[in-house]
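First up is the structure itself, then whatever we jot down about it.
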Amino acid sequence: MNIAAIKHRCAFTDCYARNQDEIVINVTTGKDITNVNIIHNDPYISGVSGRRPWVGEKLKMELGRELENSFIWTIKLSPKFKREQYYFEIFSNAEKVYLLEDRVYTEKEMNVSGKMKQYFKYPWLNESDICRCPKWVEKTIWYQIMPDKFCRGDAGGKRVKLREWGETENLSYEDFFGGDIKGITGKLEYLKDLGISGIYLTPIFQSDTNHKYNTFNYKLIDEDFGTEEDLKELIQKAHSLGIRVMLDAVFNHCGTDFFAWKDVVKNGKNSKYYEWFFIHEKDFYTQDIKTKDGRYFSFAFEANMPKLNTNHVEVMEYFLEICRYWVKEWQIDGIRFDVGNEISHSFVKKLHYELKEINPEIFLLGEIWHDSIQWLLGDEFDSVMNYPFLESIHDFWIEKEKNSYDFMYGINRCFSMYYEQINHVLFNLLDSHDVVRAYTRCGENIDIFLQQFVLLMTMPGTPCIYYGTEIAMAGDGNPYNRKSMPWDEIAEGEYDSIIKEVKAIIALRTQYNQLNGEKTSWKHEDNHKRLIHYVRTTNEIETAIEVYLNASDKEVEIPVQGNVIYGRNYKNGYIQENGILILETKKDKEMVIC
């Protein structure tokens, strides 16, 4: 037995509260393990004196998820008295060991007379410690918009010089196209018809760039985009259509025209805002430099984005006031925090507490590209952008030697890092303004693109579509992944075919609650190593949604036993190369989450 692979800690994702009545317990083992039991009970069941031995109840754990080199076994317990004491009985065929808090024990060691055993203990299921996420997010389909590139609604904005709408030649970071808030408001019906129920706007506040991530004034909407009244009108109309609105908060850094930075540049150490930043040299600021010399810290090494000290109480309070205003006065539904992993934990905790007091249903999303468990314990962000999900999907299609097991391992890793309730609101995406567009990454193969879009819409989490992805817009790195939306061509019907496919796939997400369900079961066929096959279920519904994606270059026979609810490159029982088949089938009672 591989003892070194057996791991559990009574904390984080190994043991946590799912709700006010249940706790989830997970234990990780090697793949040589064939069965795991948990022995559990109230820690005081035998009294408090310790004179009588503590005796637990034995329950079999389920195989929860399979990763490349390990199994994760899982169980949900409902402690009658809100506390649990437990340990594990672990089998590799006939061989048996026990996992306690201090180490792994043999049967003989467990039976040493008078031994004091160090059991795992979940002390108390405190109501205020439960990680809770806004339930509405679970069924939201997001749409990310860069306002400058989405739609002109007010005579092309205020800039003197704009690029011609739709131009794609010789794009640069300095180009402005004149999209604005009124343009977004005018396209809300289009988004509603597409199936969108939430919009995420990249920054809208005063700045001298088209992307606005170097914010000058967090209290003033940039004149390029409109006015506060324009934003209120957008939010009111969106809400009337059942569409939520999320704004982008750039609190990790600011622009060089931010009032506090300007004061520091002018007055140096005599500025009362000097400690708002990380400055290390006397003559720290000159125009058009990188900050690799360390004279001050900035976002990446971008000199025009000096890094804010979010450990500082005054900085915290300044941005808290900003957020309170957005939530109270504008009635926004969510905030996405740019570079969320570099903002101090103390600031995010304070933000979480204060904003949830105003609106318990506000959605707080962090831009974090890696394992984010330390921000997702229930008192900071509600979710993060699930870039590992994007990367796992992308890598499978470019590495042709990968098989269906490899794909499962990648996806399972994405959903093994967090609490179950977090998985339901993980912000899944195929592309964004920071990466190459999905259609381009798919080699401009529409069939592969739609296969990946099916994954986006059928996996746990809350999916986000980057503007233009619904028409398979192409685009390499920045700025070509930020082209203007081709509304004339859309109106002329040039994209009708792809929009029809995308709408049909989105509709599956909204029509079949199994796709918002708790369980994903994977199936593998040795004769078809690149056939992705999984089943999505929920306890409340007696049918399942079964998905087939043929990522091979050969046709595969699929014996259909259910109702075909979507198909592409599927005919007469055969799914062709890059084909898709989605069925509603009878639920297998033995299915477990994998």
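Residue numbering restarts at 1 for every chain of the structure tokens, chains are lettered A, B, ... in their displayed order, and ligands are numbered from 1 as they appear.
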Distance query range 21-27 of chain A at most 7 Å, only C-alpha atoms, self and fewer than 3 positions along chain excluded, as a PyMOL selection string:
chain A and resi 7-8+14-18+72-79
Among range 159-390 of chain A, which residues does DSSP mark as helix (DSSP H, G or I) when it is run on the backbone? Keep the chain and numbering as in the structure and answer as number ranges by chain.
A: 181-186, 188-194, 228-240, 259-270, 274-276, 313-329, 340-342, 345-358, 373-375, 387-390
So that I can see what lies close to Ile199 in chain A, please list as a list of chain:residue names the residues with an atom at most 6 Å from it, counting only C-alpha atoms and leaving out residues fewer than 5 positions away in the same chain.
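Near Ile199 in chain A, the qualifying residues are A:Trp142, A:Tyr143, A:Gln144, A:Val245.
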Keeping only C-alpha atoms, write the selected residues as a short mmCIF file (atom, residue, chain, number, x, y, z; two decimals), in the first residue's frame.
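In the end it all went to part.cif:
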```
data_model
loop_
_atom_site.label_atom_id
_atom_site.label_comp_id
_atom_site.auth_asym_id
_atom_site.auth_seq_id
_atom_site.Cartn_x
_atom_site.Cartn_y
_atom_site.Cartn_z
CA TRP A 142 -22.48 35.77 -18.34
CA TYR A 143 -21.37 37.90 -21.26
CA GLN A 144 -18.16 39.94 -21.01
CA VAL A 245 -24.79 43.64 -14.10
#
```
Residue neighbourhood Leu308 in chain A, 10 Å, only C-alpha atoms, exclusion window fewer than 4 positions, as a PyMOL selection string
chain A and resi 250-254+260-261+275-278+297-299+312+315-316+342-343
Go ahead and save the residues from that selection, with N, CA and C atoms, as a PDB file, in the first residue's frame.
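Saved file part29.pdb follows:
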```pdb
ATOM      1  N   VAL A 250     -10.660  47.975 -10.314  1.00  0.00           N
ATOM      2  CA  VAL A 250      -9.208  47.908 -10.463  1.00  0.00           C
ATOM      3  C   VAL A 250      -8.591  48.559  -9.227  1.00  0.00           C
ATOM      4  N   PHE A 251      -8.479  47.785  -8.149  1.00  0.00           N
ATOM      5  CA  PHE A 251      -7.993  48.309  -6.873  1.00  0.00           C
ATOM      6  C   PHE A 251      -6.566  47.858  -6.563  1.00  0.00           C
ATOM      7  N   ASN A 252      -5.995  47.021  -7.394  1.00  0.00           N
ATOM      8  CA  ASN A 252      -4.606  46.606  -7.195  1.00  0.00           C
ATOM      9  C   ASN A 252      -3.640  47.724  -7.589  1.00  0.00           C
ATOM     10  N   HIS A 253      -4.040  48.512  -8.576  1.00  0.00           N
ATOM     11  CA  HIS A 253      -3.196  49.578  -9.086  1.00  0.00           C
ATOM     12  C   HIS A 253      -4.087  50.685  -9.629  1.00  0.00           C
ATOM     13  N   CYS A 254      -3.500  51.803  -9.947  1.00  0.00           N
ATOM     14  CA  CYS A 254      -4.249  52.930 -10.495  1.00  0.00           C
ATOM     15  C   CYS A 254      -3.500  53.475 -11.705  1.00  0.00           C
ATOM     16  N   ALA A 260      -4.037  60.689  -5.823  1.00  0.00           N
ATOM     17  CA  ALA A 260      -3.059  60.374  -4.778  1.00  0.00           C
ATOM     18  C   ALA A 260      -1.665  60.203  -5.373  1.00  0.00           C
ATOM     19  N   TRP A 261      -1.571  59.552  -6.526  1.00  0.00           N
ATOM     20  CA  TRP A 261      -0.264  59.367  -7.164  1.00  0.00           C
ATOM     21  C   TRP A 261       0.308  60.709  -7.621  1.00  0.00           C
ATOM     22  N   GLU A 275       2.361  56.638   1.630  1.00  0.00           N
ATOM     23  CA  GLU A 275       2.240  55.243   2.060  1.00  0.00           C
ATOM     24  C   GLU A 275       1.130  54.494   1.331  1.00  0.00           C
ATOM     25  N   TRP A 276       0.421  55.172   0.446  1.00  0.00           N
ATOM     26  CA  TRP A 276      -0.592  54.490  -0.371  1.00  0.00           C
ATOM     27  C   TRP A 276       0.059  53.631  -1.460  1.00  0.00           C
ATOM     28  N   PHE A 277       1.361  53.818  -1.669  1.00  0.00           N
ATOM     29  CA  PHE A 277       2.062  53.135  -2.745  1.00  0.00           C
ATOM     30  C   PHE A 277       3.321  52.467  -2.190  1.00  0.00           C
ATOM     31  N   PHE A 278       4.044  51.773  -3.059  1.00  0.00           N
ATOM     32  CA  PHE A 278       5.280  51.086  -2.672  1.00  0.00           C
ATOM     33  C   PHE A 278       6.449  51.755  -3.393  1.00  0.00           C
ATOM     34  N   PHE A 297       6.826  49.779  -7.046  1.00  0.00           N
ATOM     35  CA  PHE A 297       6.113  48.600  -7.520  1.00  0.00           C
ATOM     36  C   PHE A 297       4.926  49.034  -8.369  1.00  0.00           C
ATOM     37  N   SER A 298       4.638  48.237  -9.393  1.00  0.00           N
ATOM     38  CA  SER A 298       3.514  48.521 -10.280  1.00  0.00           C
ATOM     39  C   SER A 298       2.866  47.210 -10.677  1.00  0.00           C
ATOM     40  N   PHE A 299       1.747  47.311 -11.386  1.00  0.00           N
ATOM     41  CA  PHE A 299       1.186  46.105 -11.983  1.00  0.00           C
ATOM     42  C   PHE A 299       2.197  45.592 -13.005  1.00  0.00           C
ATOM     43  N   HIS A 312      -2.967  49.337   3.617  1.00  0.00           N
ATOM     44  CA  HIS A 312      -3.094  50.616   4.306  1.00  0.00           C
ATOM     45  C   HIS A 312      -4.565  50.901   4.611  1.00  0.00           C
ATOM     46  N   VAL A 315      -6.306  53.451   2.348  1.00  0.00           N
ATOM     47  CA  VAL A 315      -6.581  52.919   1.009  1.00  0.00           C
ATOM     48  C   VAL A 315      -7.807  52.011   1.061  1.00  0.00           C
ATOM     49  N   MET A 316      -7.856  51.161   2.068  1.00  0.00           N
ATOM     50  CA  MET A 316      -9.024  50.287   2.224  1.00  0.00           C
ATOM     51  C   MET A 316     -10.303  51.104   2.307  1.00  0.00           C
ATOM     52  N   GLU A 342      -3.389  39.833  -5.860  1.00  0.00           N
ATOM     53  CA  GLU A 342      -2.380  40.723  -5.315  1.00  0.00           C
ATOM     54  C   GLU A 342      -2.954  41.733  -4.329  1.00  0.00           C
ATOM     55  N   ILE A 343      -4.274  41.781  -4.205  1.00  0.00           N
ATOM     56  CA  ILE A 343      -4.908  42.636  -3.208  1.00  0.00           C
ATOM     57  C   ILE A 343      -4.782  41.954  -1.848  1.00  0.00           C
TER      58      ILE A 343
END
```
Check the DSSP output for the backbone and give back, as a PyMOL selection string, the residues of range 361-542 of chain A in strand (DSSP E or B).
chain A and resi 363-366+383-385+427-429+462-466+519-525+528-537
Hey, could you make a per-residue contact list for range 455-507 of chain A against range 428-437 of chain A with 7 Å as the cut-off, showing the nearest pair of atoms and its distance in Å to one decimal, counting only C-alpha atoms, sorted by chain and number, as JSON lines?
```
{"residue": "A:Leu456", "atom": "CA", "partner": "A:Asn428", "partner_atom": "CA", "distance": 6.8}
{"residue": "A:Gly461", "atom": "CA", "partner": "A:Asn428", "partner_atom": "CA", "distance": 6.2}
{"residue": "A:Thr462", "atom": "CA", "partner": "A:Asn428", "partner_atom": "CA", "distance": 5.9}
{"residue": "A:Pro463", "atom": "CA", "partner": "A:Asn428", "partner_atom": "CA", "distance": 4.8}
{"residue": "A:Cys464", "atom": "CA", "partner": "A:Leu429", "partner_atom": "CA", "distance": 5.2}
{"residue": "A:Ile465", "atom": "CA", "partner": "A:Leu429", "partner_atom": "CA", "distance": 6.6}
{"residue": "A:Tyr466", "atom": "CA", "partner": "A:Ser432", "partner_atom": "CA", "distance": 5.5}
{"residue": "A:Ala474", "atom": "CA", "partner": "A:Arg437", "partner_atom": "CA", "distance": 6.0}
{"residue": "A:Gly475", "atom": "CA", "partner": "A:Arg437", "partner_atom": "CA", "distance": 5.3}
{"residue": "A:Asp476", "atom": "CA", "partner": "A:Val436", "partner_atom": "CA", "distance": 4.8}
{"residue": "A:Gly477", "atom": "CA", "partner": "A:Val436", "partner_atom": "CA", "distance": 5.0}
{"residue": "A:Asn481", "atom": "CA", "partner": "A:Arg437", "partner_atom": "CA", "distance": 5.8}
{"residue": "A:Arg482", "atom": "CA", "partner": "A:His433", "partner_atom": "CA", "distance": 6.3}
```
Do you know which residues are at most 8 Å from Phe337 in chain A counting only C-alpha atoms, after dropping those on the same chain fewer than 3 positions away, and could you put them as a list in words?
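Here the answer would be Asp248, Ala249, Val250, Phe251, Gly340, Leu364, Leu365, Gly366 and Glu367 of chain A.
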Find the spatial neighbours of Phe91 in chain A, counting only C-alpha atoms, within a cut-off of 9 Å - ignore same-chain residues fewer than 3 positions away - and output them as a list in words.
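That gives Met1, Asp32, Ile33, Thr34, Asn35, Val36, Asn37, Ala94, Glu95, Lys96, Val97 and Tyr98 of chain A.
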So which residues touch range 224-226 of chain A within 12 Å, counting only C-alpha atoms, skipping near sequence neighbours fewer than 2 positions away, as a PyMOL selection string?
chain A and resi 146-162+176-185+201-212+220-222+228-234
